[in-house]
>>> print(open('my_file.txt').read())   # compact mmCIF, C-alpha atoms
# COMPACT_ATOMS: atom_id res chain seq x y z
CA MET A 1 84.93 -22.43 60.49
CA THR A 2 88.39 -24.05 60.59
CA GLY A 3 87.84 -26.37 57.62
CA THR A 4 89.00 -23.92 54.95
CA CYS A 5 91.97 -22.60 56.90
CA ARG A 6 95.58 -23.29 55.96
CA PHE A 7 97.90 -24.02 58.87
CA ASP A 8 101.62 -23.23 58.80
CA PHE A 9 104.18 -24.14 61.46
CA ALA A 10 106.32 -21.15 62.43
CA PRO A 11 109.98 -21.92 63.10
CA LEU A 12 111.55 -21.79 66.52
CA GLU A 13 115.31 -21.51 66.52
CA GLY A 14 116.99 -24.57 68.01
CA ILE A 15 113.82 -26.65 68.11
CA THR A 16 112.02 -27.11 64.79
CA ASP A 17 114.83 -28.54 62.71
CA TYR A 18 114.33 -31.49 60.36
CA THR A 19 114.45 -34.05 63.17
CA TYR A 20 111.48 -32.34 64.83
CA ARG A 21 109.57 -31.68 61.58
CA THR A 22 109.90 -35.27 60.39
CA ALA A 23 108.58 -36.67 63.66
CA HIS A 24 105.81 -34.09 63.90
CA SER A 25 104.51 -34.70 60.38
CA ARG A 26 104.53 -38.45 61.07
CA PHE A 27 102.69 -38.44 64.40
CA PHE A 28 100.56 -35.31 63.98
CA PRO A 29 99.88 -34.80 60.27
CA GLY A 30 97.83 -31.84 59.15
CA VAL A 31 100.29 -28.94 59.01
CA ASP A 32 100.27 -27.53 55.49
CA ARG A 33 103.68 -25.85 55.51
CA TYR A 34 106.72 -26.05 57.74
CA TYR A 35 109.10 -23.08 57.90
CA THR A 36 112.74 -23.69 58.75
CA PRO A 37 114.59 -21.88 61.51
CA PHE A 38 116.33 -18.95 59.85
CA ILE A 39 119.32 -19.45 57.62
CA ALA A 40 121.69 -16.58 58.35
CA VAL A 41 123.51 -15.54 55.17
CA ASN A 42 126.00 -12.72 54.72
CA GLU A 43 128.36 -11.43 52.07
CA THR A 44 130.32 -14.70 52.04
CA CYS A 45 127.25 -16.41 50.52
CA SER A 46 127.69 -19.65 52.43
CA MET A 47 125.64 -21.91 54.67
CA LYS A 48 126.63 -23.79 57.78
CA LYS A 49 126.65 -27.58 57.61
CA ARG A 50 123.67 -27.85 59.97
CA GLU A 51 121.72 -25.45 57.73
CA GLN A 52 122.56 -27.53 54.68
CA LYS A 53 121.34 -30.65 56.46
CA ASP A 54 118.18 -28.90 57.55
CA VAL A 55 117.08 -28.02 54.01
CA ALA A 56 118.27 -31.22 52.31
CA PRO A 57 115.37 -32.84 50.43
CA GLU A 58 116.18 -36.26 51.87
CA HIS A 59 115.67 -34.88 55.38
CA ASN A 60 112.28 -33.36 54.56
CA SER A 61 110.45 -36.11 52.77
CA GLY A 62 106.68 -35.73 52.92
CA VAL A 63 106.61 -32.11 54.11
CA VAL A 64 106.07 -28.84 52.29
CA LEU A 65 109.07 -26.78 53.33
CA VAL A 66 109.65 -23.03 53.20
CA PRO A 67 113.25 -22.08 54.02
CA GLN A 68 113.49 -18.87 56.05
CA ILE A 69 116.37 -16.51 55.31
CA LEU A 70 117.85 -13.92 57.65
CA THR A 71 119.80 -11.10 56.02
CA ASN A 72 119.61 -7.40 55.23
CA SER A 73 121.63 -7.65 52.03
CA ALA A 74 119.94 -8.32 48.69
CA GLY A 75 122.83 -10.14 47.02
CA PRO A 76 123.13 -12.88 49.65
CA PHE A 77 119.34 -13.20 49.76
CA VAL A 78 119.15 -13.83 46.01
CA TRP A 79 122.03 -16.31 46.30
CA ALA A 80 120.27 -18.18 49.11
CA ALA A 81 116.96 -18.23 47.22
CA LYS A 82 118.69 -19.81 44.22
CA GLU A 83 120.34 -22.38 46.48
CA MET A 84 116.95 -23.31 47.93
CA ALA A 85 115.38 -23.57 44.47
CA ALA A 86 118.20 -25.91 43.42
CA ARG A 87 117.12 -28.18 46.25
CA GLY A 88 113.51 -28.10 45.16
CA TRP A 89 112.16 -25.39 47.49
CA HIS A 90 110.71 -22.72 45.22
CA THR A 91 109.39 -20.36 47.90
CA VAL A 92 111.66 -18.70 50.45
CA ASN A 93 110.77 -16.50 53.40
CA LEU A 94 112.46 -13.30 54.55
CA ASN A 95 112.62 -13.02 58.34
CA LEU A 96 111.65 -9.51 59.47
CA GLY A 97 110.29 -10.69 62.78
CA CYS A 98 113.09 -12.04 64.98
CA PRO A 99 113.38 -9.73 68.03
CA SER A 100 116.56 -11.27 69.43
CA PRO A 101 119.08 -8.60 70.51
CA THR A 102 121.93 -10.32 68.66
CA VAL A 103 119.89 -10.18 65.46
CA PHE A 104 118.29 -6.79 66.04
CA THR A 105 121.51 -4.90 66.73
CA HIS A 106 122.87 -5.97 63.33
CA GLY A 107 119.85 -4.52 61.56
CA LYS A 108 118.45 -7.92 60.68
CA GLY A 109 115.17 -9.62 61.54
CA ALA A 110 112.93 -7.04 63.22
CA GLY A 111 115.90 -4.67 63.20
CA PHE A 112 115.50 -4.23 59.44
CA LEU A 113 112.09 -2.61 60.06
CA ALA A 114 113.80 0.46 61.55
CA ASP A 115 114.73 1.71 58.07
CA PRO A 116 111.83 1.47 55.56
CA ASP A 117 113.89 3.24 52.87
CA ARG A 118 116.65 0.67 53.10
CA LEU A 119 114.06 -2.11 53.15
CA ASN A 120 112.52 -0.66 50.00
CA ALA A 121 115.92 -0.62 48.29
CA PHE A 122 116.48 -4.23 49.38
CA PHE A 123 113.24 -5.42 47.78
CA ASP A 124 113.91 -3.39 44.64
CA GLU A 125 117.22 -5.16 44.15
CA VAL A 126 115.89 -8.59 45.11
CA PHE A 127 112.99 -8.53 42.67
CA SER A 128 115.21 -7.07 39.95
CA HIS A 129 117.65 -9.98 40.15
CA LEU A 130 115.62 -12.95 41.37
CA PRO A 131 114.90 -15.50 38.61
CA GLY A 132 111.31 -16.26 37.74
CA GLY A 133 109.70 -19.22 39.46
CA ILE A 134 110.99 -18.36 42.94
CA GLY A 135 108.43 -16.94 45.33
CA VAL A 136 109.33 -14.63 48.20
CA SER A 137 107.16 -14.49 51.29
CA VAL A 138 107.83 -12.17 54.22
CA LYS A 139 107.27 -12.67 57.94
CA THR A 140 107.13 -9.32 59.71
CA ARG A 141 106.33 -7.49 62.89
CA ILE A 142 104.48 -4.18 62.80
CA GLY A 143 107.37 -1.94 63.86
CA ILE A 144 110.00 -1.36 66.50
CA ARG A 145 108.54 0.88 69.22
CA ASP A 146 105.35 2.48 67.91
CA THR A 147 102.37 1.03 66.06
CA LYS A 148 102.38 4.13 63.86
CA GLU A 149 105.43 2.67 62.12
CA ALA A 150 103.20 0.11 60.43
CA ALA A 151 101.88 2.49 57.78
CA ALA A 152 105.34 3.07 56.25
CA LEU A 153 106.00 -0.68 56.22
CA ILE A 154 102.73 -1.45 54.46
CA ALA A 155 103.64 1.17 51.85
CA VAL A 156 106.89 -0.71 51.17
CA PHE A 157 105.36 -4.19 51.09
CA ARG A 158 102.59 -3.28 48.69
CA ARG A 159 105.08 -2.11 46.04
CA TYR A 160 106.46 -5.58 45.40
CA PRO A 161 105.19 -9.00 44.22
CA ILE A 162 105.55 -10.63 47.63
CA SER A 163 103.90 -14.04 47.43
CA GLU A 164 102.59 -13.86 51.00
CA LEU A 165 102.89 -11.45 53.92
CA ILE A 166 102.83 -13.08 57.36
CA VAL A 167 102.09 -10.56 60.10
CA HIS A 168 102.84 -10.98 63.79
CA PRO A 169 101.04 -7.91 65.17
CA ARG A 170 103.49 -7.03 67.90
CA LEU A 171 106.29 -4.50 68.07
CA ARG A 172 109.87 -5.65 68.34
CA GLU A 173 110.24 -4.23 71.86
CA GLU A 174 107.26 -6.31 73.02
CA PHE A 175 108.94 -9.59 72.05
CA TYR A 176 106.17 -12.15 72.73
CA LYS A 177 104.49 -10.43 75.67
CA GLY A 178 101.25 -8.52 76.03
CA GLU A 179 98.25 -8.45 73.76
CA VAL A 180 98.67 -8.45 70.01
CA HIS A 181 97.65 -5.23 68.23
CA ARG A 182 94.57 -6.34 66.39
CA GLU A 183 93.78 -2.84 65.22
CA VAL A 184 97.10 -2.80 63.36
CA TYR A 185 96.45 -6.20 61.82
CA ARG A 186 93.12 -4.78 60.67
CA MET A 187 95.02 -2.00 58.92
CA PHE A 188 97.16 -4.60 57.13
CA SER A 189 94.05 -6.53 56.11
CA GLU A 190 92.45 -3.39 54.68
CA GLU A 191 95.47 -1.78 53.03
CA TYR A 192 97.70 -4.64 51.91
CA PRO A 193 96.34 -6.06 48.62
CA GLY A 194 98.21 -9.37 48.55
CA ALA A 195 97.93 -12.70 50.35
CA LEU A 196 97.97 -12.17 54.12
CA THR A 197 98.61 -14.65 56.94
CA TYR A 198 97.92 -14.10 60.63
CA ASN A 199 100.50 -15.16 63.23
CA GLY A 200 100.37 -14.79 67.00
CA ASP A 201 98.86 -16.31 70.15
CA ILE A 202 96.79 -19.15 68.71
CA GLY A 203 96.72 -21.89 71.33
CA ASN A 204 93.23 -23.37 71.02
CA ALA A 205 90.10 -23.42 68.88
CA GLY A 206 88.67 -20.44 70.72
CA ASP A 207 91.69 -18.31 69.81
CA LEU A 208 91.36 -19.24 66.15
CA ASP A 209 87.61 -18.63 66.01
CA GLU A 210 88.12 -15.26 67.66
CA ILE A 211 90.66 -14.21 65.04
CA ARG A 212 88.58 -15.46 62.13
CA THR A 213 85.48 -13.75 63.52
CA ALA A 214 87.35 -10.46 63.87
CA PHE A 215 88.92 -10.88 60.42
CA PRO A 216 86.48 -12.94 58.29
CA GLY A 217 88.83 -13.06 55.32
CA THR A 218 91.49 -14.97 57.26
CA GLU A 219 92.23 -18.23 55.44
CA ARG A 220 95.86 -18.71 56.49
CA VAL A 221 97.34 -18.80 59.96
CA MET A 222 100.83 -19.50 61.23
CA ILE A 223 101.32 -21.10 64.64
CA GLY A 224 104.61 -21.43 66.49
CA ARG A 225 104.78 -21.70 70.28
CA GLY A 226 101.23 -23.07 70.44
CA LEU A 227 102.23 -26.07 68.35
CA ILE A 228 105.41 -26.70 70.32
CA GLY A 229 103.31 -26.74 73.48
CA ASN A 230 100.63 -28.94 71.95
CA PRO A 231 101.86 -30.95 68.95
CA ALA A 232 98.29 -32.06 68.17
CA LEU A 233 96.95 -28.49 68.02
CA VAL A 234 96.30 -28.41 64.27
CA ARG A 235 94.44 -31.71 64.48
CA VAL A 236 92.30 -30.27 67.27
CA LEU A 237 91.70 -27.07 65.29
CA LYS A 238 90.47 -29.23 62.42
CA GLY A 239 87.98 -30.96 64.71
CA GLY A 240 90.10 -33.99 65.63
CA LYS A 241 90.96 -35.53 68.97
CA LYS A 242 93.42 -34.29 71.56
CA ALA A 243 96.75 -36.03 71.93
CA ASP A 244 96.96 -38.95 74.33
CA LYS A 245 99.99 -39.92 76.39
CA LYS A 246 100.87 -42.87 74.20
CA GLU A 247 101.29 -40.83 71.04
CA LEU A 248 102.96 -37.94 72.87
CA ARG A 249 105.49 -40.38 74.30
CA ALA A 250 106.07 -41.95 70.89
CA PHE A 251 106.52 -38.49 69.35
CA HIS A 252 108.95 -37.41 72.07
CA ASP A 253 110.98 -40.58 71.70
CA ALA A 254 111.17 -40.20 67.92
CA VAL A 255 112.47 -36.63 68.24
CA PHE A 256 114.90 -37.61 71.00
CA GLU A 257 116.37 -40.61 69.16
CA ALA A 258 116.73 -38.65 65.91
CA ARG A 259 118.51 -35.83 67.69
CA LEU A 260 120.87 -38.19 69.48
CA LEU A 261 122.00 -39.33 66.04
CA ALA A 262 121.94 -35.95 64.30
CA LEU A 263 123.60 -34.01 67.12
CA ASP A 264 126.06 -36.74 68.07
CA GLY A 265 125.03 -37.64 71.58
CA PHE A 266 123.17 -36.49 74.67
CA GLY A 267 125.39 -33.52 75.47
CA ASN A 268 124.34 -31.68 72.32
CA THR A 269 120.76 -32.95 72.49
CA ALA A 270 119.91 -32.18 76.11
CA GLY A 271 119.38 -28.44 75.83
CA LYS A 272 117.11 -28.79 72.81
CA MET A 273 114.90 -31.40 74.47
CA LYS A 274 114.68 -29.43 77.70
CA GLU A 275 113.55 -26.39 75.74
CA ILE A 276 110.81 -28.47 74.12
CA TRP A 277 109.66 -29.49 77.60
CA SER A 278 109.48 -25.84 78.65
CA TYR A 279 106.54 -25.65 76.24
CA MET A 280 105.12 -29.18 76.19
CA GLY A 281 105.11 -29.55 79.96
CA SER A 282 101.97 -27.40 80.08
CA LEU A 283 99.99 -30.34 78.67
CA PHE A 284 100.26 -32.14 82.02
CA ILE A 285 98.63 -31.63 85.40
CA SER A 286 101.06 -30.69 88.19
CA PRO A 287 104.26 -31.76 86.40
CA GLU A 288 106.58 -29.39 88.29
CA LYS A 289 108.57 -32.06 90.16
CA GLN A 290 109.09 -34.20 87.06
CA LEU A 291 109.94 -31.22 84.86
CA LYS A 292 112.54 -30.11 87.39
CA ARG A 293 114.16 -33.55 87.17
CA ILE A 294 114.15 -33.31 83.38
CA ARG A 295 115.83 -29.89 83.56
CA LYS A 296 118.47 -31.14 85.99
CA ALA A 297 119.25 -34.36 84.08
CA GLN A 298 122.94 -34.50 83.18
CA THR A 299 123.05 -37.93 81.55
CA GLU A 300 120.96 -39.77 79.00
CA LEU A 301 119.98 -42.32 81.65
CA THR A 302 118.69 -39.75 84.16
CA TYR A 303 116.89 -37.86 81.40
CA ARG A 304 115.10 -40.97 80.16
CA ALA A 305 114.13 -41.87 83.73
CA ALA A 306 112.71 -38.39 84.39
CA VAL A 307 110.68 -38.47 81.18
CA SER A 308 109.32 -41.92 82.02
CA GLU A 309 108.33 -40.68 85.46
CA LEU A 310 106.47 -37.73 84.01
CA PHE A 311 104.49 -39.86 81.56
CA GLY A 312 103.86 -42.48 84.21
CA SER A 313 102.69 -40.26 87.06
CA CYS A 314 101.21 -37.09 85.51
CA GLN A 315 97.83 -36.91 83.84
CA LEU A 316 97.09 -34.82 80.77
CA ARG A 317 94.99 -31.71 81.19
>>> encode(input="my_file.txt", output="structure tokens")
Amino acid sequence: MTGTCRFDFAPLEGITDYTYRTAHSRFFPGVDRYYTPFIAVNETCSMKKREQKDVAPEHNSGVVLVPQILTNSAGPFVWAAKEMAARGWHTVNLNLGCPSPTVFTHGKGAGFLADPDRLNAFFDEVFSHLPGGIGVSVKTRIGIRDTKEAAALIAVFRRYPISELIVHPRLREEFYKGEVHREVYRMFSEEYPGALTYNGDIGNAGDLDEIRTAFPGTERVMIGRGLIGNPALVRVLKGGKKADKKELRAFHDAVFEARLLALDGFGNTAGKMKEIWSYMGSLFISPEKQLKRIRKAQTELTYRAAVSELFGSCQLR
């Protein structure tokens, strides 16, 4: 059942930058598209240096990349889409899913969903000014506080030539907790006429089969936290073998070494690696003591020692 499915890697802010993507595609090939962490653009129409590095073609060799843009202003979105196309990325993604309070309170990410009329005006301007040859996909939640909000959003989305609609069937106020609203995703699948991608809570083959059984037309899925926790997940979903400790260690080391260089030392790298372990630690049996040492590591030497201890003493589930 998984053979005809396309697998996309959802971005996770602070984790899935080019250093992570490059290592992941090398050690665990099989992801069809990688989405960047969001590029926040405003009326100044500029990008931060780290964002420029993240979308540079030379940093993304061998991967299909979709830059994700965070804004609620059409002009900056069109500018950013043109900038991405100039770098060779001809599909961009609008982030309407981020539930973070700092994003939400500025009416961006999931916060943009609170005003369907303004969202409609945004798309009208974007598609009136965007040059041909640039595709726009959208990653969205189903509303802010009530699943009934979804109907108005579908009405907006179906008016425009969106190349792909990626739906995470949770409300903004639910963040990533609780069950996804499958009945709302069913409404999207029945009422939205364009290409649709499912996103949310796929951590094993059983989860995927359950979704594709419930929604037989599902040919595209996006996975985020599940792939951070298990880098080999797409390989497993395609019928391949689970990750072993040797390749997990090699993958970790490749990410770590690349980030030491890219982020200029352990101080800037530590938090990112520890966040990765907050997900990947679940692959091991009883790793609590070793994970605590990783979290408490204040130097590169103590971090490396804690990681070596975990790989040496903890078995994989």
>>> residues_near_point(input="my_file.txt", point="(112.1, -19.8, 59.6)", cutoff="9 Å", atoms="only C-alpha atoms", output="JSON, numbers by chain")
{"A": [10, 11, 12, 13, 16, 34, 35, 36, 37, 38, 39, 66, 67, 68, 69, 70, 93, 94, 95, 139]}
>>> residues_around(input="my_file.txt", residues="His129 of chain A", least_positions_apart="6", cutoff="10 Å", atoms="all atoms listed in the file", output="number ranges by chain")
A: 74-75, 78-79, 123
>>> residues_around(input="my_file.txt", residues="Asn204 of chain A", least_positions_apart="6", cutoff="10 Å", atoms="only C-alpha atoms", output="JSON, numbers by chain")
{"A": [226, 227, 230, 233, 234, 236, 237]}
>>> residues_around(input="my_file.txt", residues="Lys82 of chain A", least_positions_apart="6", cutoff="9 Å", atoms="all atoms listed in the file", output="VMD selection string")
chain A and resid 90 130 to 131 134
>>> closest_residue(input="my_file.txt", among="A:Leu65, A:Leu261, A:Met187, A:Cys5", to="Ala85 of chain A", atoms="only C-alpha atoms")
A:Leu65
>>> residues_around(input="my_file.txt", residues="Glu179 of chain A", least_positions_apart="6", cutoff="12 Å", atoms="only C-alpha atoms", output="list in words")
His168, Pro169, Arg170, Leu171, Gly200, Asp201 and Ile202 of chain A
>>> residues_around(input="my_file.txt", residues="Glu58 of chain A", least_positions_apart="6", cutoff="12 Å", atoms="all atoms listed in the file", output="PyMOL selection string")
chain A and resi 18-19+22+52+65+87-88
>>> atom_distance(input="my_file.txt", atom1="atom CA of Leu119 of chain A", atom2="atom CA of Asn72 of chain A")
7.9 Å
>>> closest_residue(input="my_file.txt", among="A:Lys53, A:Arg6, A:Lys246, A:Arg304", to="Met273 of chain A", atoms="all atoms listed in the file")
A:Arg304
>>> atom_distance(input="my_file.txt", atom1="atom CA of Ser189 of chain A", atom2="atom CA of Asp209 of chain A")
16.9 Å
